[in-house]
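Structure data (PDB, C-alpha atoms) from start-v2.pdb:
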```pdb
ATOM      1  CA  ILE I   5    -103.501 -47.632-111.721  1.00  0.00           C
ATOM      2  CA  LEU I   6    -105.279 -44.598-113.121  1.00  0.00           C
ATOM      3  CA  VAL I   7    -102.739 -41.899-112.232  1.00  0.00           C
ATOM      4  CA  PRO I   8     -99.726 -43.542-113.952  1.00  0.00           C
ATOM      5  CA  ASP I   9    -101.964 -44.351-116.917  1.00  0.00           C
ATOM      6  CA  LEU I  10    -103.074 -40.714-117.103  1.00  0.00           C
ATOM      7  CA  LEU I  11     -99.475 -39.481-116.806  1.00  0.00           C
ATOM      8  CA  ARG I  12     -98.432 -41.900-119.570  1.00  0.00           C
ATOM      9  CA  SER I  13    -101.213 -40.667-121.844  1.00  0.00           C
ATOM     10  CA  ILE I  14    -100.009 -37.050-121.552  1.00  0.00           C
ATOM     11  CA  GLY I  15     -96.328 -37.952-121.884  1.00  0.00           C
ATOM     12  CA  MET I  16     -95.293 -37.463-118.253  1.00  0.00           C
ATOM     13  CA  GLY I  17     -94.524 -39.674-115.290  1.00  0.00           C
ATOM     14  CA  GLY I  18     -91.087 -41.021-116.066  1.00  0.00           C
ATOM     15  CA  PRO I  19     -90.110 -44.458-117.317  1.00  0.00           C
ATOM     16  CA  ALA I  20     -92.168 -46.449-114.785  1.00  0.00           C
ATOM     17  CA  ALA I  21     -95.387 -44.736-115.883  1.00  0.00           C
ATOM     18  CA  GLN I  22     -94.759 -45.863-119.462  1.00  0.00           C
ATOM     19  CA  VAL I  23     -95.482 -49.464-118.457  1.00  0.00           C
ATOM     20  CA  PRO I  24     -99.173 -50.460-118.151  1.00  0.00           C
ATOM     21  CA  TRP I  25    -100.171 -51.847-114.766  1.00  0.00           C
ATOM     22  CA  PHE I  26    -100.620 -55.380-116.111  1.00  0.00           C
ATOM     23  CA  GLU I  27     -97.009 -55.419-117.387  1.00  0.00           C
ATOM     24  CA  ALA I  28     -95.396 -53.917-114.257  1.00  0.00           C
ATOM     25  CA  GLY I  29     -93.436 -57.116-113.655  1.00  0.00           C
ATOM     26  CA  LYS I  30     -91.513 -56.553-116.884  1.00  0.00           C
ATOM     27  CA  TYR I  31     -90.132 -53.193-115.735  1.00  0.00           C
ATOM     28  CA  ASN I  32     -86.489 -53.179-114.547  1.00  0.00           C
ATOM     29  CA  TYR I  33     -86.498 -51.636-111.084  1.00  0.00           C
ATOM     30  CA  PHE I  34     -83.414 -50.518-109.120  1.00  0.00           C
ATOM     31  CA  ALA I  35     -83.294 -53.889-107.324  1.00  0.00           C
ATOM     32  CA  PRO I  36     -84.321 -57.443-108.187  1.00  0.00           C
ATOM     33  CA  PRO I  37     -88.027 -58.188-107.580  1.00  0.00           C
ATOM     34  CA  SER I  38     -87.152 -60.766-104.923  1.00  0.00           C
ATOM     35  CA  ALA I  39     -85.216 -58.159-102.901  1.00  0.00           C
ATOM     36  CA  LEU I  40     -88.062 -55.634-103.210  1.00  0.00           C
ATOM     37  CA  PHE I  41     -90.573 -58.258-102.106  1.00  0.00           C
ATOM     38  CA  ALA I  42     -88.435 -59.329 -99.143  1.00  0.00           C
ATOM     39  CA  SER I  43     -87.924 -55.745 -97.963  1.00  0.00           C
ATOM     40  CA  MET I  44     -91.669 -55.012 -98.258  1.00  0.00           C
ATOM     41  CA  MET I  45     -92.520 -58.143 -96.257  1.00  0.00           C
ATOM     42  CA  PHE I  46     -89.996 -57.194 -93.554  1.00  0.00           C
ATOM     43  CA  LEU I  47     -91.419 -53.677 -93.228  1.00  0.00           C
ATOM     44  CA  PHE I  48     -95.032 -54.888 -93.221  1.00  0.00           C
ATOM     45  CA  ALA I  49     -94.208 -57.514 -90.592  1.00  0.00           C
ATOM     46  CA  PHE I  50     -92.454 -54.946 -88.395  1.00  0.00           C
ATOM     47  CA  VAL I  51     -95.456 -52.614 -88.418  1.00  0.00           C
ATOM     48  CA  GLU I  52     -98.024 -55.373 -87.908  1.00  0.00           C
ATOM     49  CA  PHE I  53     -96.097 -57.015 -85.052  1.00  0.00           C
ATOM     50  CA  ARG I  54     -95.811 -53.679 -83.265  1.00  0.00           C
ATOM     51  CA  ARG I  55     -99.542 -53.183 -83.722  1.00  0.00           C
ATOM     52  CA  LEU I  56    -100.239 -56.703 -82.404  1.00  0.00           C
ATOM     53  CA  GLN I  57     -97.942 -56.074 -79.440  1.00  0.00           C
ATOM     54  CA  ASP I  58     -99.861 -52.867 -78.653  1.00  0.00           C
ATOM     55  CA  ILE I  59    -103.230 -54.621 -78.934  1.00  0.00           C
ATOM     56  CA  ARG I  60    -102.190 -57.479 -76.638  1.00  0.00           C
ATOM     57  CA  LYS I  61    -100.594 -55.198 -74.055  1.00  0.00           C
ATOM     58  CA  PRO I  62    -101.834 -51.603 -74.433  1.00  0.00           C
ATOM     59  CA  GLY I  63     -99.104 -49.032 -74.013  1.00  0.00           C
ATOM     60  CA  SER I  64     -96.225 -51.449 -74.640  1.00  0.00           C
ATOM     61  CA  ALA I  65     -95.526 -49.952 -78.060  1.00  0.00           C
ATOM     62  CA  SER I  66     -96.556 -46.401 -77.290  1.00  0.00           C
ATOM     63  CA  GLN I  67     -93.192 -44.835 -78.086  1.00  0.00           C
ATOM     64  CA  ASP I  68     -91.789 -44.481 -81.583  1.00  0.00           C
ATOM     65  CA  PRO I  69     -88.607 -46.625 -81.799  1.00  0.00           C
ATOM     66  CA  ILE I  70     -86.774 -44.128 -84.015  1.00  0.00           C
ATOM     67  CA  PHE I  71     -88.214 -40.730 -83.043  1.00  0.00           C
ATOM     68  CA  THR I  72     -88.328 -41.249 -79.288  1.00  0.00           C
ATOM     69  CA  ASN I  73     -89.949 -37.879 -78.588  1.00  0.00           C
ATOM     70  CA  ASN I  74     -93.163 -39.192 -80.214  1.00  0.00           C
ATOM     71  CA  LYS I  75     -95.067 -40.952 -77.437  1.00  0.00           C
ATOM     72  CA  LEU I  76     -98.718 -41.731 -76.808  1.00  0.00           C
ATOM     73  CA  PRO I  77    -100.419 -40.811 -73.550  1.00  0.00           C
ATOM     74  CA  GLU I  78    -100.284 -43.549 -70.893  1.00  0.00           C
ATOM     75  CA  GLY I  79    -102.661 -46.479 -71.531  1.00  0.00           C
ATOM     76  CA  GLU I  80    -103.781 -45.320 -74.981  1.00  0.00           C
ATOM     77  CA  VAL I  81    -103.669 -47.920 -77.744  1.00  0.00           C
ATOM     78  CA  GLY I  82    -101.766 -46.746 -80.812  1.00  0.00           C
ATOM     79  CA  TYR I  83    -104.129 -48.176 -83.403  1.00  0.00           C
ATOM     80  CA  PRO I  84    -106.321 -46.821 -84.892  1.00  0.00           C
ATOM     81  CA  GLY I  85    -105.039 -43.295 -84.811  1.00  0.00           C
ATOM     82  CA  GLY I  86    -101.901 -43.365 -82.796  1.00  0.00           C
ATOM     83  CA  ILE I  87     -98.885 -41.129 -82.900  1.00  0.00           C
ATOM     84  CA  PHE I  88     -99.158 -40.290 -86.590  1.00  0.00           C
ATOM     85  CA  ASP I  89    -102.585 -38.783 -87.217  1.00  0.00           C
ATOM     86  CA  PRO I  90    -101.922 -35.328 -88.712  1.00  0.00           C
ATOM     87  CA  LEU I  91    -105.434 -34.904 -90.138  1.00  0.00           C
ATOM     88  CA  GLY I  92    -107.223 -36.113 -87.007  1.00  0.00           C
ATOM     89  CA  TYR I  93    -109.031 -39.004 -88.682  1.00  0.00           C
ATOM     90  CA  SER I  94    -109.105 -41.028 -85.464  1.00  0.00           C
ATOM     91  CA  LYS I  95    -111.220 -38.431 -83.699  1.00  0.00           C
ATOM     92  CA  GLY I  96    -114.935 -39.144 -83.591  1.00  0.00           C
ATOM     93  CA  ASN I  97    -117.001 -42.303 -83.626  1.00  0.00           C
ATOM     94  CA  MET I  98    -114.520 -45.112 -84.312  1.00  0.00           C
ATOM     95  CA  GLU I  99    -117.186 -47.730 -85.069  1.00  0.00           C
ATOM     96  CA  THR I 100    -118.620 -45.553 -87.850  1.00  0.00           C
ATOM     97  CA  LEU I 101    -115.151 -44.842 -89.224  1.00  0.00           C
ATOM     98  CA  LYS I 102    -114.254 -48.546 -89.201  1.00  0.00           C
ATOM     99  CA  LEU I 103    -117.452 -49.385 -91.080  1.00  0.00           C
ATOM    100  CA  LYS I 104    -116.711 -46.676 -93.660  1.00  0.00           C
ATOM    101  CA  GLU I 105    -113.184 -48.034 -94.119  1.00  0.00           C
ATOM    102  CA  ILE I 106    -114.468 -51.562 -94.708  1.00  0.00           C
ATOM    103  CA  LYS I 107    -117.091 -50.363 -97.196  1.00  0.00           C
ATOM    104  CA  ASN I 108    -114.554 -48.255 -99.096  1.00  0.00           C
ATOM    105  CA  ALA I 109    -112.099 -51.162 -99.209  1.00  0.00           C
ATOM    106  CA  ARG I 110    -114.788 -53.468-100.607  1.00  0.00           C
ATOM    107  CA  LEU I 111    -115.708 -50.885-103.224  1.00  0.00           C
ATOM    108  CA  ALA I 112    -112.025 -50.501-104.180  1.00  0.00           C
ATOM    109  CA  MET I 113    -111.682 -54.282-104.576  1.00  0.00           C
ATOM    110  CA  LEU I 114    -114.748 -54.326-106.810  1.00  0.00           C
ATOM    111  CA  GLY I 115    -113.266 -51.500-108.891  1.00  0.00           C
ATOM    112  CA  PHE I 116    -110.000 -53.395-109.263  1.00  0.00           C
ATOM    113  CA  ALA I 117    -111.934 -56.482-110.363  1.00  0.00           C
ATOM    114  CA  GLY I 118    -113.442 -54.263-113.070  1.00  0.00           C
ATOM    115  CA  PHE I 119    -109.963 -53.160-114.168  1.00  0.00           C
ATOM    116  CA  VAL I 120    -108.850 -56.795-114.381  1.00  0.00           C
ATOM    117  CA  ALA I 121    -111.983 -57.751-116.349  1.00  0.00           C
ATOM    118  CA  GLN I 122    -111.363 -54.891-118.799  1.00  0.00           C
ATOM    119  CA  TRP I 123    -107.764 -55.938-119.302  1.00  0.00           C
ATOM    120  CA  PHE I 124    -108.740 -59.603-119.711  1.00  0.00           C
ATOM    121  CA  THR I 125    -111.377 -58.870-122.357  1.00  0.00           C
ATOM    122  CA  THR I 126    -109.730 -55.986-124.248  1.00  0.00           C
ATOM    123  CA  GLY I 127    -106.027 -56.063-123.357  1.00  0.00           C
ATOM    124  CA  LYS I 128    -106.123 -52.325-122.649  1.00  0.00           C
ATOM    125  CA  THR I 129    -105.977 -50.056-119.614  1.00  0.00           C
ATOM    126  CA  PRO I 130    -109.158 -48.481-118.175  1.00  0.00           C
ATOM    127  CA  LEU I 131    -108.335 -45.045-119.598  1.00  0.00           C
ATOM    128  CA  GLN I 132    -107.688 -46.517-123.057  1.00  0.00           C
ATOM    129  CA  ASN I 133    -111.069 -48.263-122.885  1.00  0.00           C
ATOM    130  CA  LEU I 134    -112.748 -45.028-121.777  1.00  0.00           C
ATOM    131  CA  SER I 135    -111.095 -43.132-124.624  1.00  0.00           C
ATOM    132  CA  ASP I 136    -112.237 -45.759-127.135  1.00  0.00           C
ATOM    133  CA  HIS I 137    -115.780 -45.601-125.821  1.00  0.00           C
ATOM    134  CA  LEU I 138    -115.932 -41.796-125.829  1.00  0.00           C
ATOM    135  CA  SER I 139    -114.583 -41.616-129.384  1.00  0.00           C
ATOM    136  CA  ASN I 140    -117.303 -43.977-130.655  1.00  0.00           C
ATOM    137  CA  PRO I 141    -119.937 -44.554-127.944  1.00  0.00           C
ATOM    138  CA  TRP I 142    -122.411 -46.487-130.096  1.00  0.00           C
ATOM    139  CA  ALA I 143    -119.922 -49.007-131.476  1.00  0.00           C
ATOM    140  CA  THR I 144    -117.569 -49.457-128.513  1.00  0.00           C
ATOM    141  CA  THR I 145    -119.604 -50.839-125.638  1.00  0.00           C
ATOM    142  CA  VAL I 146    -119.333 -53.672-123.181  1.00  0.00           C
ATOM    143  CA  LEU I 147    -121.341 -55.853-125.576  1.00  0.00           C
ATOM    144  CA  SER I 148    -119.148 -55.118-128.601  1.00  0.00           C
ATOM    145  CA  ASN I 149    -116.373 -57.334-127.283  1.00  0.00           C
ATOM    146  CA  ASP I 150    -116.334 -60.951-128.451  1.00  0.00           C
ATOM    147  CA  LEU I 151    -115.644 -62.292-124.952  1.00  0.00           C
ATOM    148  CA  ALA I 152    -118.674 -60.459-123.589  1.00  0.00           C
ATOM    149  CA  ARG I 153    -120.927 -62.541-125.830  1.00  0.00           C
ATOM    150  CA  LEU I 154    -119.900 -65.904-124.334  1.00  0.00           C
TER
END
```
So that I can check it, write out the structure of this file as structure tokens.
Amino acid sequence: ILVPDLLRSIGMGGPAAQVPWFEAGKYNYFAPPSALFASMMFLFAFVEFRRLQDIRKPGSASQDPIFTNNKLPEGEVGYPGGIFDPLGYSKGNMETLKLKEIKNARLAMLGFAGFVAQWFTTGKTPLQNLSDHLSNPWATTVLSNDLARL
């Protein structure tokens, strides 16, 4: 949300970046939205079913179906970590890493809720609201909005 908004504010990012995140459905993509949604659901389902297959029967999905030279060692479960782990994030204490991932995901959801609340009360993007506040910090606050006084 922030990167396309930043690119739009400096005049870069192409035509898709010129649309605010809350109007993304109005943008004309290369395919109809229903086709994009269906292809995303197919790809997500493929990945999640392979992961489920590997969890139920460890080692059953240990070889990449396309790049067959990528294979896990015998008996090793492919998730988390797996074949594709170029930065080595799966090394170390997995319980601590899982807890960090959950906490970061919760924090990201809370941040997105803040973006939605800003859009609902001001009709602007987060960077537009920040710019308004920095240009006049004493008059543009969270309490200066009429909806905030309800």
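With all atoms listed in the file as the atoms that count, the minimum distance from Phe116 (chain I) to the choices I:Trp25, I:Gly96, I:Ile59, I:Thr144 is reached by I:Trp25.
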Exercise. What does the distance from CA of Leu147 (chain I) to CA of Leu10 (chain I) come to in Å, to one decimal?
Worked result: 25.2 Å
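Minimum atom-to-atom distance to Tyr33 (chain I), evaluated using all atoms listed in the file, belongs to I:Ala20 out of I:Asp136, I:Ala20, I:Leu101, I:Trp123.
Atom to atom, CA of Arg55 (chain I) and CA of Leu103 (chain I) stand 19.7 Å apart.
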Quick one: what's the axis-aligned box for region 40-44 of chain I, all listed atoms, 6 Å on every side, centre and edges in Å to one decimal, as lines of an AutoDock Vina configuration file?
```
center_x = -89.8
center_y = -57.2
center_z = -100.6
size_x = 15.7
size_y = 16.3
size_z = 17.2
```
Problem set entry | d(CA of Val146 (chain I), CA of Lys30 (chain I)) in Å |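 CA of Val146 (chain I) sits 28.7 Å away from CA of Lys30 (chain I).
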Problem set entry | Nearest to Asn133 (chain I) by atom-to-atom distance, counting all atoms listed in the file, from I:Ala49, I:Ile106, I:Ala21, I:Ala121 | I:Ala121
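Closest approach to Gln122 (chain I) among I:Glu99, I:Ser139, I:Gly17, I:Asn149 is made by I:Asn149 (distances from only C-alpha atoms).
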